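Chemist: This structure is in structure tokens; I'll ask about it shortly.
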Amino acid sequence: VKYLRNSWYCAGWSHEIDERPKGIRMLDEYLVIYRGKDHQAIAMTGRCTHRFAPLDQGVVIDDDIICPYHGLRYGADGVCKHNPHGDGFIPPRAKLNTYVVAEHNTALWVWMGDAEAADRTLLPPETALVSAEYSSVRMALKLPVNYQLIIDNLLDLTHAPYLHSSTLANTEGMSIADIPQPGFEFKAEGDTLKSHYHFDVMPPSPLLAPYFTDPVGEFNAEMAWQPASTLSLDVRMDPLAGGQSEFIDMPSVHYLTPETADSTHYFTAISRNRDIHSTDADEHMRMLASKAFLEEDEPMISRCQELMGGNPDIFEMGAVMLRTDVAGVQARRLLKKKIEAESGTQELQDAG
Amino acid sequence: VKYLRNSWYCAGWSHEIDERPKGIRMLDEYLVIYRGKDHQAIAMTGRCTHRFAPLDQGVVIDDDIICPYHGLRYGADGVCKHNPHGDGFIPPRAKLNTYVVAEHNTALWVWMGDAEAADRTLLPPETALVSAEYSSVRMALKLPVNYQLIIDNLLDLTHAPYLHSSTLANTEGMSIADIPQPGFEFKAEGDTLKSHYHFDVMPPSPLLAPYFTDPVGEFNAEMAWQPASTLSLDVRMDPLAGGQSEFIDMPSVHYLTPETADSTHYFTAISRNRDIHSTDADEHMRMLASKAFLEEDEPMISRCQELMGGNPDIFEMGAVMLRTDVAGVQARRLLKKKIEAESGTQELQDAG
Amino acid sequence: VKYLRNSWYCAGWSHEIDERPKGIRMLDEYLVIYRGKDHQAIAMTGRCTHRFAPLDQGVVIDDDIICPYHGLRYGADGVCKHNPHGDGFIPPRAKLNTYVVAEHNTALWVWMGDAEAADRTLLPPETALVSAEYSSVRMALKLPVNYQLIIDNLLDLTHAPYLHSSTLANTEGMSIADIPQPGFEFKAEGDTLKSHYHFDVMPPSPLLAPYFTDPVGEFNAEMAWQPASTLSLDVRMDPLAGGQSEFIDMPSVHYLTPETADSTHYFTAISRNRDIHSTDADEHMRMLASKAFLEEDEPMISRCQELMGGNPDIFEMGAVMLRTDVAGVQARRLLKKKIEAESGTQELQDAG
């Protein structure tokens, strides 16, 4: 499987990374991540050059990490600086890859491609996660499915009234024929692709209801994707003319990092601009979001993947495309093109 | 793996199929089966054309089934008749395969091949399952083994005194040297192959004993196979001259449906012509049959498959054939020939 | 995967093999082992020639074994001598492979190669296991890793202070910088390769401490490997000048038998020359050794194998070699050369 390497991938929430080494597999590679003596994050290959021992079981001293198997010590530059055995000779090849990192929007990002090409302007936009006007809950999930199937899911929210009838939608017990359909609009802004959904009048979902007291309101949701696999969603409900409720804004981010071809780290966070000091409200929001992702989306996507025989390429599988799939289809095409361009460049370099 | 497609495969007992969609994998394909508004069974591809969602998690309305992921609605002919999204355009390719079905001998049968060729005369014979003179218990098992290894097992019942010493045979605690061997005869009647076993004098097995009170009787058993993988067994014990017991007839069916190359749906039913209104007798018969199939046959066949490295082709594996294997060997050859003929025809059609 | 076939592999401790058939997979092959009427061990293919049934579930009578599925009876020479079915005809191909065995150093050894070439002088040396001056505990473990990774581990004991800080070493709670390093010497004696470790002054490890009462002593350890995969370790602690303690000798054997490419039978025994009649001391020794092998070595080697993507060839993986790896590296080269020589001979024979 080929991935887009020159791209930022989320490796976790910043506050969850500390001086204890954390092992994470990203794009089929093993990494170890920890904070050095100045609190800066350090990311390098997660297996020792000697016998491929797991460095996340090692010990961090200052900026260095020490292998748990035979004690080789590596600096923040990945170079082995101490071999405690025999005459202490260090073979020149005893050097780990290191990765460019960035702290951004309260998360840690790793650039998996050419370090020279690392470009902070390619990081996804900042969101309510850095605003004092919002309260947020952050989650680090892992889903046993290919990341592109999750992108398909997120860029096509028409599934919400069917799959999320009592969490993200409010269609529980409703006859199939009565399920309302939103207005839909697709937008492309450079490499950012957006699906926009709109209801003139809708009752609030269980997720919104605690903060929106009118029986109905105007609903807007916009999911935006940018390569390779970061998404953000703006959900907003406004009072109708004469309504008593204040508007509620509930944005979320969905940072997907492929672990392997069929498993994905799913870093997600959901924010709200109401009742922001209530931990009960935080828990309610976390509970409903967890339920939607882990009990509704994950089993469905996982079963689709199984029924696809493990091939996540919907084009190769001959999937029927609907007009409302436009964002997902374009995202797949764009990502494929970028991966091929990158591979082509790489092959030219290899040949040259 | 190639299967014989132009053949009837059992998909379940008729009384267990209702308006709730049932997912079943047969011959490596995913199917969904349900009953429509006139109670007729409907079988079609079990994954949606759009994103391959599992239709057995969908909702049935009248004859239609609605996808649980995005709400596409398919009619009994497999054609998508409603797309609830956007302008509602339905791509012409949004059509599921449908399968010819038959209700027969209290079971539901699916024709997995060319619908034009579906031929009810190829269904296996009716048995005691449709007779008011018999009481029957039906079971739906799944065995983690290749179906041909189960056919081998069933067409060679000489294993019974070794493997089923306290269920189907009565050899428990007997010295190996004292195990009696039956008279054996092989019969071929068209595509139906039969193994016949006979004892002039034998004590009844635990399965027969409750209905046959003499200490010994004359025993006959005949297993019949027809392509691809349906078998029926007639077991009968008659009193010797001067005996007091009535004869007992205990026929059974063994309908095998390959799920994948190494797992098999095993629909089996066992009937008796004595004590037919006793639910205790039903339970005793079910208990002993379950024990024989699940605790004796399954572990043995499963372990054989493991020791064969997962290759179920006993010819390729160089298995030594005994003369009593004649039915099993002929069945394998006949099935192979039919599969090759079918593939050849298919290739000619593809080329032509 | 190719193994060295003309070599002795341990199949178990002699006292654990009796007239009950034992199934064991060695070098990817299935064997059955049992003792015949004169108590001699018999080793042959563990699956019946007929339908590949597991002979370890069969019955042994005198020197013969009877298949549990259809009752075929094989003699100690592997030849089928009785077919209880039909006219009893026995196909000439109904013959199992048999293997040359040897009882040696309280273990049973199987020669997996050419029977003519079986050479008892290639058995590993006798050890304290056969001495009345020592008490020993024997263990039969199975590790889910390639055997060569275990050889690497054993031939490079510099990992002990890092991985075995409270069992085989005494470095618990010690700062990494303070971990003492032993003197190291590599020795080659024919095909036997040795790693020797020496400390002039060292406190005894938890394993040695009960038998060595001085606070420190002189420590020597020598691990010896011979092809294909048997190792023995001599550990000895001597009192310093003026010390009160007697020397303690604690030799161990490490007999590795590949089960498959990624699982290994690990037959190990550890002996001591002190307190030899104490079952409490036996238990203490067993407990610490088990902990070191199963809770410290196994998880580490297992995780390394995972991080290597399942390829145990450290050369192909581009592992960095340290000077203290000399024994492990030479052992891998020697084993590779022997396997290639054997394959070459085989290919010549096949061609000639």
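Residues in the structure tokens are named by chain (A, B, ... in the order shown) and by number from 1 within that chain; ligands are numbered from 1 in the order shown.
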Could the residues of chain C within 10 Å of chain A, counting only C-alpha atoms, be given as a PyMOL selection string, please?
Modeler: chain C and resi 149+152-153+156-164+176-177+179-185+296-297+300-309+314+317-325
Chemist: Need to verify the contact set: region 279-286 of chain A, 8 Å, only C-alpha atoms, exclusion of same-chain residues closer than 5 positions in sequence. Can you return it as a ChimeraX atom specification?
Modeler: /A:135-137,207,270
Chemist: Write to file, as a PDB file, in the first residue's frame, the residues of the selection just made, with N, CA and C atoms.
Modeler:
```
ATOM      1  N   SER A 135     -15.694  24.779  24.907  1.00  0.00           N
ATOM      2  CA  SER A 135     -15.227  23.641  25.687  1.00  0.00           C
ATOM      3  C   SER A 135     -15.125  22.448  24.740  1.00  0.00           C
ATOM      4  N   SER A 136     -14.089  21.644  24.928  1.00  0.00           N
ATOM      5  CA  SER A 136     -13.830  20.552  23.984  1.00  0.00           C
ATOM      6  C   SER A 136     -13.564  19.244  24.715  1.00  0.00           C
ATOM      7  N   VAL A 137     -13.927  18.140  24.091  1.00  0.00           N
ATOM      8  CA  VAL A 137     -13.446  16.837  24.561  1.00  0.00           C
ATOM      9  C   VAL A 137     -12.660  16.198  23.423  1.00  0.00           C
ATOM     10  N   LEU A 207     -27.441  15.290  20.514  1.00  0.00           N
ATOM     11  CA  LEU A 207     -26.166  15.931  20.814  1.00  0.00           C
ATOM     12  C   LEU A 207     -26.339  17.437  21.015  1.00  0.00           C
ATOM     13  N   ILE A 270     -14.468  17.208  19.839  1.00  0.00           N
ATOM     14  CA  ILE A 270     -15.721  17.903  19.583  1.00  0.00           C
ATOM     15  C   ILE A 270     -15.827  19.062  20.568  1.00  0.00           C
TER      16      ILE A 270
END
```
Chemist: Can you tell me, as a list in words, what residues are no more than 8 Å from Gln244 (chain C) when counting only C-alpha atoms, ignoring any on the same chain fewer than 3 positions away?
Modeler: Thr213, Asp214 and Pro239 of chain C
Chemist: Near region 201-204 of chain A, within 10 Å and counting only C-alpha atoms, which residues show up once chain neighbours fewer than 3 positions away are dropped, as an MDAnalysis selection string?
Modeler: chainID A and resid 168:171 180 182 198 207:219 237:240
Chemist: Output N, CA, C and O atoms of each residue in that selection to a file, as a compact mmCIF listing (two decimals), in the first residue's frame.
Modeler:
```txt
# COMPACT_ATOMS: atom_id res chain seq x y z
N LEU A 168 -26.34 11.51 16.51
CA LEU A 168 -26.06 12.68 15.69
C LEU A 168 -27.30 13.14 14.93
O LEU A 168 -27.35 14.26 14.43
N ALA A 169 -28.28 12.23 14.80
CA ALA A 169 -29.54 12.61 14.14
C ALA A 169 -30.67 12.37 15.15
O ALA A 169 -30.45 11.91 16.27
N ASN A 170 -31.87 12.67 14.72
CA ASN A 170 -33.01 12.54 15.65
C ASN A 170 -34.14 11.83 14.93
O ASN A 170 -35.26 12.32 14.88
N THR A 171 -33.80 10.68 14.38
CA THR A 171 -34.76 9.96 13.53
C THR A 171 -35.20 8.64 14.16
O THR A 171 -35.79 7.80 13.50
N PRO A 180 -36.25 12.95 6.77
CA PRO A 180 -36.06 14.14 5.95
C PRO A 180 -34.67 14.14 5.31
O PRO A 180 -33.73 13.58 5.86
N PRO A 182 -31.56 16.48 3.64
CA PRO A 182 -31.06 17.86 3.67
C PRO A 182 -30.82 18.41 2.26
O PRO A 182 -30.66 17.65 1.30
N HIS A 198 -27.91 21.25 4.72
CA HIS A 198 -28.75 22.32 5.26
C HIS A 198 -30.21 21.86 5.44
O HIS A 198 -30.76 21.17 4.57
N LEU A 207 -27.44 15.29 20.51
CA LEU A 207 -26.17 15.93 20.81
C LEU A 207 -26.34 17.44 21.01
O LEU A 207 -25.66 18.05 21.85
N LEU A 208 -27.25 18.03 20.26
CA LEU A 208 -27.44 19.49 20.33
C LEU A 208 -28.50 19.90 21.37
O LEU A 208 -28.46 21.02 21.91
N ALA A 209 -29.44 19.01 21.61
CA ALA A 209 -30.64 19.37 22.37
C ALA A 209 -30.39 20.05 23.72
O ALA A 209 -31.10 20.99 24.08
N PRO A 210 -29.38 19.62 24.49
CA PRO A 210 -29.20 20.28 25.80
C PRO A 210 -28.92 21.77 25.70
O PRO A 210 -29.12 22.50 26.67
N TYR A 211 -28.43 22.23 24.53
CA TYR A 211 -28.02 23.63 24.42
C TYR A 211 -28.95 24.44 23.52
O TYR A 211 -28.73 25.62 23.29
N PHE A 212 -29.94 23.77 22.98
CA PHE A 212 -30.85 24.46 22.05
C PHE A 212 -32.27 24.10 22.48
O PHE A 212 -32.74 22.99 22.26
N THR A 213 -32.94 25.06 23.13
CA THR A 213 -34.18 24.75 23.83
C THR A 213 -35.42 24.86 22.96
O THR A 213 -36.47 24.30 23.30
N ASP A 214 -35.32 25.53 21.82
CA ASP A 214 -36.48 25.57 20.93
C ASP A 214 -36.74 24.17 20.35
O ASP A 214 -35.81 23.39 20.18
N PRO A 215 -38.00 23.88 20.03
CA PRO A 215 -38.30 22.54 19.47
C PRO A 215 -37.67 22.33 18.10
O PRO A 215 -37.34 21.21 17.75
N VAL A 216 -37.49 23.37 17.32
CA VAL A 216 -36.87 23.27 16.00
C VAL A 216 -35.98 24.49 15.76
O VAL A 216 -36.07 25.50 16.46
N GLY A 217 -35.11 24.34 14.75
CA GLY A 217 -34.24 25.45 14.38
C GLY A 217 -33.73 25.23 12.96
O GLY A 217 -34.11 24.25 12.30
N GLU A 218 -32.85 26.13 12.53
CA GLU A 218 -32.23 25.97 11.21
C GLU A 218 -30.90 25.28 11.41
O GLU A 218 -30.12 25.63 12.31
N PHE A 219 -30.63 24.30 10.56
CA PHE A 219 -29.46 23.46 10.78
C PHE A 219 -28.50 23.55 9.59
O PHE A 219 -28.90 23.46 8.43
N MET A 237 -26.70 25.26 14.81
CA MET A 237 -28.15 25.37 14.79
C MET A 237 -28.53 26.78 15.23
O MET A 237 -28.09 27.25 16.28
N ASP A 238 -29.35 27.41 14.41
CA ASP A 238 -29.79 28.78 14.69
C ASP A 238 -31.28 28.80 14.95
O ASP A 238 -32.04 28.03 14.34
N PRO A 239 -31.73 29.72 15.83
CA PRO A 239 -33.17 29.83 16.10
C PRO A 239 -33.89 30.35 14.86
O PRO A 239 -33.34 31.14 14.08
N LEU A 240 -35.11 29.88 14.69
CA LEU A 240 -35.96 30.44 13.64
C LEU A 240 -36.43 31.83 14.08
O LEU A 240 -36.26 32.21 15.24
```
Chemist: One decimal, Å: what's the distance from CA of Trp111 (chain A) over to CA of Thr268 (chain A), could you say?
Modeler: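 Computed distance, CA of Trp111 (chain A) to CA of Thr268 (chain A), equals 19.0 Å.
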Chemist: When DSSP works through the backbone of this structure, what residues of region 140-337 of chain C end up as strand (DSSP E), shown as a PyMOL selection string?
Modeler: chain C and resi 140-143+183-189+192-202+217-226+230-238+248-249+252-260+263-272
Chemist: Would you work out the distance separating CA of Val145 (chain A) from CA of Asn97 (chain A), expressed in Å to one decimal?
Modeler: 27.4 Å
Chemist: Can you check which residues of region 72-219 of chain C DSSP gives as helix (DSSP H, G or I) on the backbone and send them as a ChimeraX atom specification?
Modeler: /C:115-117,120-122,128-130,147-155,157-163,176-178,209-211
Chemist: In Å to one decimal, how far is CA of Cys10 (chain B) from CA of Tyr255 (chain B)?
Modeler: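 Answer for the CA of Tyr255 (chain B) to CA of Cys10 (chain B) separation: 6.3 Å.
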